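Source file: query_25.cif (mmCIF, C-alpha atoms)
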```cif
data_protein
#
loop_
_atom_site.group_PDB
_atom_site.id
_atom_site.type_symbol
_atom_site.label_atom_id
_atom_site.label_comp_id
_atom_site.auth_asym_id
_atom_site.auth_seq_id
_atom_site.Cartn_x
_atom_site.Cartn_y
_atom_site.Cartn_z
ATOM 1 C CA MET A 1 45.810 -23.109 -57.578
ATOM 2 C CA SER A 2 44.680 -25.400 -54.760
ATOM 3 C CA THR A 3 41.015 -26.158 -54.092
ATOM 4 C CA PRO A 4 39.351 -25.532 -50.701
ATOM 5 C CA ALA A 5 39.389 -29.308 -50.096
ATOM 6 C CA GLN A 6 43.135 -29.493 -50.841
ATOM 7 C CA ARG A 7 43.778 -26.588 -48.455
ATOM 8 C CA MET A 8 41.729 -28.389 -45.775
ATOM 9 C CA VAL A 9 43.976 -31.446 -46.221
ATOM 10 C CA ALA A 10 47.142 -29.339 -45.969
ATOM 11 C CA GLU A 11 46.067 -27.117 -43.058
ATOM 12 C CA GLN A 12 43.694 -29.239 -40.935
ATOM 13 C CA LEU A 13 44.435 -32.897 -41.620
ATOM 14 C CA ARG A 14 48.155 -33.416 -42.282
ATOM 15 C CA PRO A 15 49.314 -31.364 -39.254
ATOM 16 C CA HIS A 16 46.920 -33.212 -36.908
ATOM 17 C CA GLY A 17 47.749 -36.869 -37.323
ATOM 18 C CA VAL A 18 46.213 -37.907 -40.637
ATOM 19 C CA THR A 19 49.082 -39.712 -42.360
ATOM 20 C CA ASP A 20 47.320 -42.269 -44.591
ATOM 21 C CA GLU A 21 47.800 -40.941 -48.131
ATOM 22 C CA ARG A 22 44.713 -42.788 -49.435
ATOM 23 C CA VAL A 23 42.539 -41.127 -46.789
ATOM 24 C CA LEU A 24 44.058 -37.712 -47.528
ATOM 25 C CA GLN A 25 43.439 -38.217 -51.253
ATOM 26 C CA ALA A 26 39.796 -39.178 -50.644
ATOM 27 C CA MET A 27 39.277 -36.140 -48.400
ATOM 28 C CA ALA A 28 40.770 -33.914 -51.120
ATOM 29 C CA GLU A 29 38.493 -35.387 -53.787
ATOM 30 C CA VAL A 30 35.079 -35.483 -52.075
ATOM 31 C CA PRO A 31 33.292 -32.094 -52.399
ATOM 32 C CA ARG A 32 32.067 -31.478 -48.833
ATOM 33 C CA GLU A 33 29.992 -28.457 -49.882
ATOM 34 C CA GLU A 34 27.726 -30.727 -51.969
ATOM 35 C CA PHE A 35 26.555 -32.451 -48.778
ATOM 36 C CA LEU A 36 25.369 -29.194 -47.174
ATOM 37 C CA ALA A 37 22.352 -26.936 -47.650
ATOM 38 C CA PRO A 38 23.134 -23.963 -49.967
ATOM 39 C CA ARG A 39 23.209 -21.465 -47.063
ATOM 40 C CA MET A 40 25.854 -23.583 -45.264
ATOM 41 C CA ARG A 41 28.165 -24.202 -48.212
ATOM 42 C CA ARG A 42 30.481 -21.272 -47.534
ATOM 43 C CA HIS A 43 31.351 -22.979 -44.228
ATOM 44 C CA ALA A 44 32.068 -26.361 -45.867
ATOM 45 C CA TYR A 45 35.809 -26.495 -45.191
ATOM 46 C CA GLU A 46 35.853 -24.927 -41.741
ATOM 47 C CA ASP A 47 37.361 -27.068 -39.013
ATOM 48 C CA ARG A 48 34.081 -27.818 -37.218
ATOM 49 C CA ALA A 49 30.897 -29.850 -37.273
ATOM 50 C CA LEU A 50 27.994 -28.252 -39.171
ATOM 51 C CA ALA A 51 24.224 -28.547 -38.787
ATOM 52 C CA ILE A 52 22.193 -30.536 -41.324
ATOM 53 C CA GLU A 53 18.505 -31.500 -41.387
ATOM 54 C CA CYS A 54 16.621 -33.439 -38.666
ATOM 55 C CA GLY A 55 18.744 -31.964 -35.861
ATOM 56 C CA GLN A 56 21.836 -33.896 -37.004
ATOM 57 C CA THR A 57 25.353 -32.720 -37.892
ATOM 58 C CA ILE A 58 28.065 -33.358 -40.462
ATOM 59 C CA SER A 59 31.214 -34.166 -38.485
ATOM 60 C CA GLN A 60 34.334 -32.018 -38.402
ATOM 61 C CA PRO A 61 36.602 -33.015 -41.347
ATOM 62 C CA LEU A 62 39.454 -34.001 -39.009
ATOM 63 C CA VAL A 63 37.198 -36.413 -37.096
ATOM 64 C CA VAL A 64 35.952 -38.000 -40.353
ATOM 65 C CA ALA A 65 39.552 -38.416 -41.543
ATOM 66 C CA LEU A 66 40.889 -39.823 -38.250
ATOM 67 C CA MET A 67 37.977 -42.267 -37.878
ATOM 68 C CA THR A 68 38.411 -43.446 -41.459
ATOM 69 C CA GLN A 69 42.168 -43.807 -41.011
ATOM 70 C CA ALA A 70 41.670 -45.790 -37.769
ATOM 71 C CA ALA A 71 39.441 -48.265 -39.618
ATOM 72 C CA SER A 72 42.293 -49.015 -42.105
ATOM 73 C CA PRO A 73 39.979 -49.523 -45.108
ATOM 74 C CA ASN A 74 41.312 -51.633 -47.989
ATOM 75 C CA PRO A 75 40.194 -51.534 -51.652
ATOM 76 C CA GLY A 76 38.512 -54.959 -51.451
ATOM 77 C CA ASP A 77 36.653 -54.279 -48.186
ATOM 78 C CA ILE A 78 32.922 -54.157 -47.562
ATOM 79 C CA ALA A 79 32.100 -51.412 -45.070
ATOM 80 C CA LEU A 80 29.113 -50.618 -42.887
ATOM 81 C CA GLU A 81 28.448 -47.068 -41.748
ATOM 82 C CA VAL A 82 25.938 -46.395 -38.968
ATOM 83 C CA GLY A 83 24.467 -42.892 -39.209
ATOM 84 C CA THR A 84 24.493 -41.715 -42.829
ATOM 85 C CA GLY A 85 23.580 -38.122 -42.033
ATOM 86 C CA SER A 86 24.450 -36.053 -45.100
ATOM 87 C CA GLY A 87 26.292 -38.937 -46.785
ATOM 88 C CA TYR A 88 29.680 -37.167 -46.686
ATOM 89 C CA ALA A 89 31.557 -39.763 -44.613
ATOM 90 C CA ALA A 90 30.059 -42.566 -46.716
ATOM 91 C CA ALA A 91 31.362 -40.823 -49.836
ATOM 92 C CA VAL A 92 34.881 -40.631 -48.348
ATOM 93 C CA LEU A 93 34.731 -44.297 -47.314
ATOM 94 C CA SER A 94 33.445 -45.333 -50.746
ATOM 95 C CA ARG A 95 36.683 -44.101 -52.316
ATOM 96 C CA LEU A 96 38.622 -46.537 -50.094
ATOM 97 C CA CYS A 97 36.419 -49.683 -50.099
ATOM 98 C CA ARG A 98 34.698 -51.924 -52.623
ATOM 99 C CA LYS A 99 31.225 -51.308 -51.200
ATOM 100 C CA VAL A 100 29.652 -49.219 -48.440
ATOM 101 C CA VAL A 101 26.303 -49.949 -46.784
ATOM 102 C CA SER A 102 25.129 -46.921 -44.805
ATOM 103 C CA ILE A 103 22.193 -47.015 -42.363
ATOM 104 C CA GLU A 104 20.143 -43.948 -41.428
ATOM 105 C CA ARG A 105 17.150 -43.946 -39.097
ATOM 106 C CA GLU A 106 15.637 -40.685 -40.477
ATOM 107 C CA PRO A 107 13.968 -41.475 -43.840
ATOM 108 C CA ALA A 108 14.264 -37.850 -45.045
ATOM 109 C CA LEU A 109 18.018 -37.800 -44.398
ATOM 110 C CA ALA A 110 18.485 -41.212 -46.015
ATOM 111 C CA GLU A 111 16.646 -40.129 -49.149
ATOM 112 C CA HIS A 112 18.547 -36.850 -49.419
ATOM 113 C CA ALA A 113 21.933 -38.513 -48.844
ATOM 114 C CA SER A 114 21.119 -41.224 -51.379
ATOM 115 C CA GLU A 115 20.195 -38.613 -54.000
ATOM 116 C CA THR A 116 23.379 -36.603 -53.333
ATOM 117 C CA LEU A 117 25.616 -39.690 -53.542
ATOM 118 C CA ARG A 118 23.963 -40.840 -56.760
ATOM 119 C CA ARG A 119 24.170 -37.362 -58.338
ATOM 120 C CA LEU A 120 27.898 -37.158 -57.550
ATOM 121 C CA GLY A 121 28.613 -40.652 -58.896
ATOM 122 C CA PHE A 122 29.333 -42.485 -55.626
ATOM 123 C CA ASP A 123 27.616 -45.567 -56.980
ATOM 124 C CA ASN A 124 29.161 -48.150 -54.620
ATOM 125 C CA VAL A 125 27.190 -46.793 -51.640
ATOM 126 C CA GLU A 126 23.841 -48.294 -50.637
ATOM 127 C CA VAL A 127 21.802 -46.210 -48.178
ATOM 128 C CA ALA A 128 19.284 -48.143 -46.053
ATOM 129 C CA VAL A 129 16.685 -46.894 -43.566
ATOM 130 C CA GLY A 130 16.847 -48.741 -40.271
ATOM 131 C CA ASP A 131 17.988 -49.024 -36.675
ATOM 132 C CA GLY A 132 21.762 -48.713 -36.867
ATOM 133 C CA SER A 133 22.284 -50.550 -33.583
ATOM 134 C CA LEU A 134 21.074 -53.713 -35.353
ATOM 135 C CA GLY A 135 23.579 -53.322 -38.184
ATOM 136 C CA TRP A 136 22.621 -54.656 -41.616
ATOM 137 C CA PRO A 137 22.861 -58.464 -41.583
ATOM 138 C CA ALA A 138 22.095 -58.871 -45.301
ATOM 139 C CA GLU A 139 25.613 -57.785 -46.352
ATOM 140 C CA ALA A 140 27.538 -59.024 -43.286
ATOM 141 C CA PRO A 141 30.253 -59.742 -42.347
ATOM 142 C CA TYR A 142 31.963 -56.351 -42.701
ATOM 143 C CA ASN A 143 35.677 -55.625 -42.850
ATOM 144 C CA VAL A 144 35.054 -52.078 -41.645
ATOM 145 C CA ILE A 145 32.279 -50.641 -39.451
ATOM 146 C CA LEU A 146 32.157 -46.891 -38.751
ATOM 147 C CA VAL A 147 29.615 -45.634 -36.229
ATOM 148 C CA ALA A 148 28.799 -41.900 -36.282
ATOM 149 C CA ALA A 149 26.745 -41.883 -33.054
ATOM 150 C CA ALA A 150 27.681 -42.603 -29.463
ATOM 151 C CA ALA A 151 26.607 -45.878 -27.863
ATOM 152 C CA SER A 152 26.425 -46.401 -24.103
ATOM 153 C CA GLY A 153 27.528 -49.982 -24.758
ATOM 154 C CA VAL A 154 28.766 -51.450 -28.022
ATOM 155 C CA PRO A 155 25.761 -53.083 -29.755
ATOM 156 C CA GLN A 156 26.234 -56.863 -29.895
ATOM 157 C CA ALA A 157 24.749 -56.975 -33.405
ATOM 158 C CA LEU A 158 27.623 -54.833 -34.685
ATOM 159 C CA ILE A 159 30.237 -57.018 -32.981
ATOM 160 C CA ASP A 160 28.558 -60.086 -34.524
ATOM 161 C CA GLN A 161 28.681 -58.540 -38.016
ATOM 162 C CA LEU A 162 32.427 -57.786 -37.868
ATOM 163 C CA ALA A 163 34.514 -60.057 -40.095
ATOM 164 C CA ASP A 164 37.590 -61.858 -38.778
ATOM 165 C CA GLY A 165 40.311 -59.188 -38.879
ATOM 166 C CA GLY A 166 37.601 -56.528 -39.174
ATOM 167 C CA ARG A 167 37.869 -53.082 -37.575
ATOM 168 C CA MET A 168 35.037 -51.101 -35.979
ATOM 169 C CA VAL A 169 35.430 -47.442 -34.988
ATOM 170 C CA ILE A 170 32.759 -46.279 -32.535
ATOM 171 C CA PRO A 171 32.320 -43.515 -29.933
ATOM 172 C CA VAL A 172 31.403 -45.032 -26.558
ATOM 173 C CA ALA A 173 29.636 -42.978 -23.881
ATOM 174 C CA VAL A 174 31.526 -43.962 -20.738
ATOM 175 C CA SER A 175 29.645 -41.595 -18.416
ATOM 176 C CA PRO A 176 27.029 -38.844 -18.884
ATOM 177 C CA HIS A 177 29.443 -36.206 -17.555
ATOM 178 C CA GLU A 178 32.457 -36.854 -19.798
ATOM 179 C CA PRO A 179 33.232 -36.735 -23.519
ATOM 180 C CA GLN A 180 32.792 -40.024 -25.342
ATOM 181 C CA ASP A 181 35.725 -42.363 -25.880
ATOM 182 C CA LEU A 182 36.415 -43.033 -29.576
ATOM 183 C CA ARG A 183 37.519 -46.656 -29.836
ATOM 184 C CA VAL A 184 38.750 -49.113 -32.457
ATOM 185 C CA TYR A 185 37.536 -52.683 -31.973
ATOM 186 C CA VAL A 186 39.353 -55.460 -33.856
ATOM 187 C CA ARG A 187 38.133 -59.039 -34.235
ATOM 188 C CA ARG A 188 40.710 -61.836 -34.064
ATOM 189 C CA GLY A 189 38.755 -65.093 -34.354
ATOM 190 C CA ALA A 190 36.465 -65.310 -31.320
ATOM 191 C CA ASP A 191 38.243 -62.428 -29.548
ATOM 192 C CA VAL A 192 37.397 -58.744 -29.941
ATOM 193 C CA ILE A 193 39.846 -56.260 -28.456
ATOM 194 C CA PHE A 194 39.750 -52.460 -28.429
ATOM 195 C CA ARG A 195 42.023 -49.482 -28.004
ATOM 196 C CA SER A 196 41.026 -45.895 -27.211
ATOM 197 C CA LEU A 197 41.828 -43.118 -29.683
ATOM 198 C CA PHE A 198 40.677 -39.752 -28.285
ATOM 199 C CA PRO A 199 37.641 -38.025 -26.700
ATOM 200 C CA VAL A 200 34.813 -36.998 -29.055
ATOM 201 C CA LEU A 201 31.290 -35.584 -28.929
ATOM 202 C CA PHE A 202 28.687 -37.320 -31.117
ATOM 203 C CA VAL A 203 24.890 -37.413 -31.044
ATOM 204 C CA PRO A 204 23.598 -40.472 -29.126
ATOM 205 C CA LEU A 205 22.949 -43.741 -30.956
ATOM 206 C CA ARG A 206 19.177 -44.206 -30.740
ATOM 207 C CA THR A 207 17.673 -47.666 -30.921
ATOM 208 C CA GLY A 208 14.280 -48.888 -32.044
#
```
Encoded form using structure tokens:
Amino acid sequence: MSTPAQRMVAEQLRPHGVTDERVLQAMAEVPREEFLAPRMRRHAYEDRALAIECGQTISQPLVVALMTQAASPNPGDIALEVGTGSGYAAAVLSRLCRKVVSIEREPALAEHASETLRRLGFDNVEVAVGDGSLGWPAEAPYNVILVAAAASGVPQALIDQLADGGRMVIPVAVSPHEPQDLRVYVRRGADVIFRSLFPVLFVPLRTG
């Protein structure tokens, strides 16, 4: 008998471009319902974003999986996530990296996510309260940076905190009238190059 998470992997992720078996395994193992308010839990494995506290959302499972896959996380990596939200994406990433630092600007969300992660045993995730556009220099450089909010320009602090060979996945707001462009930035020595993945719709990255 398959679980709802396993059915999500089979029906929503595999047919739509998620091919990395480690990512699929992590998505099958992390209980998405635990990151939602009780009244929302019956919707946990639907193929859509869902509302959480503080006017934020938990991203559609397919977007979480494709962003994680694009970042090519390795078991020895240190990862930075900007925009903890519920903590769900950090939990998925924690199954694929050595350590995850996740930054959330809303103290209530950060506290709730931290409690959920700790309760579920995701003990290699550190949740910090701060301005995500500034990154988290204390643990830099990062092999992986995932940004769950759209920037009008890529914050220089995040570029600076990317390790050589590091990958950053970030939605970039190209114009106010179009969907955002999800991009992967890769550092090669002094050079940072990017490629576009697909259009997305994220909340804006707020600074300060």
- [ ] Could you jot down the CA of Leu24 (chain A) to CA of Ile52 (chain A) separation for me, Å, one decimal place?
- [x]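 Distance between the two atoms: 23.8 Å.
The interatomic distance for the pair CA of Gly55 (chain A) and CA of Ala91 (chain A) works out to 20.8 Å.
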- [ ] Excluding Glu104 (chain A) and any residue of its chain fewer than 2 positions from it, enumerate the residues within 12 Å of it, using all atoms listed in the file, and give them as a PyMOL selection string.
- [x] chain A and resi 54+56+80-87+90+101-102+106-114+126-136+147-149+205-207
Task: Best match for closeness to Leu117 (chain A) among A:Ser94, A:Thr3, A:Thr68, A:Gln180, counting all atoms listed in the file - done: A:Ser94
Task: Which of A:Ala163, A:Val18, A:Val30, A:Ala89 sits closest to Gly121 (chain A) [using only C-alpha atoms] - done: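 Between A:Ala163, A:Val18, A:Val30, A:Ala89, the residue approaching Gly121 (chain A) most closely is A:Val30.
With all atoms listed in the file taken into account, the protein and nucleic acid residues at most 7 Å from Ala44 (chain A) (excluding it and anything under 4 positions from it in its own chain) are A:Arg32, A:Glu33, A:Met40.
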With C-alpha atoms kept, could you save the residues just selected as a PDB file, in the frame of the given file?
```
ATOM      1  CA  ARG A  32      32.067 -31.478 -48.833  1.00  0.00           C
ATOM      2  CA  GLU A  33      29.992 -28.457 -49.882  1.00  0.00           C
ATOM      3  CA  MET A  40      25.854 -23.583 -45.264  1.00  0.00           C
TER       4      MET A  40
END
```
Open item on the list: Report, in Å to a single decimal, how far apart CA of Leu162 (chain A) and CA of Lys99 (chain A) are.
Closed with: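 For CA of Lys99 (chain A) relative to CA of Leu162 (chain A), the distance reads 14.9 Å.
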Open item on the list: I'd like the residues picked by the PyMOL selection byres ((chain A and resi 9-13) around 8) written out as a VMD selection string, using the chain letters and numbers from the file.
Closed with: chain A and resid 5 to 8 14 to 18 24 27 to 28 47 61 to 62 65
- [ ] Kindly resolve the PyMOL selection byres ((chain A and resi 140-143) around 7) on the present coordinates and return the residues as a ChimeraX atom specification.
- [x] /A:77-80,136-139,144-145,161-163,166-167
Selection to disk with C-alpha atoms, as a PDB file, in the coordinates of the input:
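What landed in result.pdb:
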```
ATOM      1  CA  ASP A  77      36.653 -54.279 -48.186  1.00  0.00           C
ATOM      2  CA  ILE A  78      32.922 -54.157 -47.562  1.00  0.00           C
ATOM      3  CA  ALA A  79      32.100 -51.412 -45.070  1.00  0.00           C
ATOM      4  CA  LEU A  80      29.113 -50.618 -42.887  1.00  0.00           C
ATOM      5  CA  TRP A 136      22.621 -54.656 -41.616  1.00  0.00           C
ATOM      6  CA  PRO A 137      22.861 -58.464 -41.583  1.00  0.00           C
ATOM      7  CA  ALA A 138      22.095 -58.871 -45.301  1.00  0.00           C
ATOM      8  CA  GLU A 139      25.613 -57.785 -46.352  1.00  0.00           C
ATOM      9  CA  VAL A 144      35.054 -52.078 -41.645  1.00  0.00           C
ATOM     10  CA  ILE A 145      32.279 -50.641 -39.451  1.00  0.00           C
ATOM     11  CA  GLN A 161      28.681 -58.540 -38.016  1.00  0.00           C
ATOM     12  CA  LEU A 162      32.427 -57.786 -37.868  1.00  0.00           C
ATOM     13  CA  ALA A 163      34.514 -60.057 -40.095  1.00  0.00           C
ATOM     14  CA  GLY A 166      37.601 -56.528 -39.174  1.00  0.00           C
ATOM     15  CA  ARG A 167      37.869 -53.082 -37.575  1.00  0.00           C
TER      16      ARG A 167
END
```
TODO: List, as a ChimeraX atom specification, every residue that the PyMOL selection byres ((chain A and resi 75) around 8) selects in the file provided.
DONE: /A:73-74,76-77,96-98
Contacts of Arg42 (chain A) within 12 Å, only C-alpha atoms, excl. fewer than 6 positions in-chain, as a compact mmCIF listing (two decimals) with C-alpha atoms, keeping the file's coordinate frame:
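out.txt, written as the output of this step:
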```txt
# COMPACT_ATOMS: atom_id res chain seq x y z
CA PRO A 4 39.35 -25.53 -50.70
CA ARG A 32 32.07 -31.48 -48.83
CA GLU A 33 29.99 -28.46 -49.88
CA GLU A 34 27.73 -30.73 -51.97
CA PHE A 35 26.56 -32.45 -48.78
CA LEU A 36 25.37 -29.19 -47.17
CA LEU A 50 27.99 -28.25 -39.17
```
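The neighbours of Ala26 (chain A) here are the residues that come within 7 Å of it, using all atoms listed in the file and leaving out any residue fewer than 4 positions away in the same chain; they are Arg22, Val30, Val92 and Arg95 of chain A.
Ranking A:Phe202, A:Tyr88, A:Tyr45, A:Tyr185 by their shortest atom-to-atom distance to Ile159 (chain A), with only C-alpha atoms included, puts A:Tyr185 first.
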Task: Counting all atoms listed in the file, the residue of A:Val63, A:Ala157, A:Met1, A:Ala71 that sits nearest Leu201 (chain A) - done: A:Val63
Task: Selection near region 190-198 of chain A, 8 Å with all atoms listed in the file, sequence-local residues under 6 positions removed, as a PyMOL selection string - done: chain A and resi 159+181-184
Just the selected residues (C-alpha atoms), exported as a compact mmCIF listing (two decimals), in the coordinates of the input, please.
```txt
# COMPACT_ATOMS: atom_id res chain seq x y z
CA ILE A 159 30.24 -57.02 -32.98
CA ASP A 181 35.72 -42.36 -25.88
CA LEU A 182 36.42 -43.03 -29.58
CA ARG A 183 37.52 -46.66 -29.84
CA VAL A 184 38.75 -49.11 -32.46
```
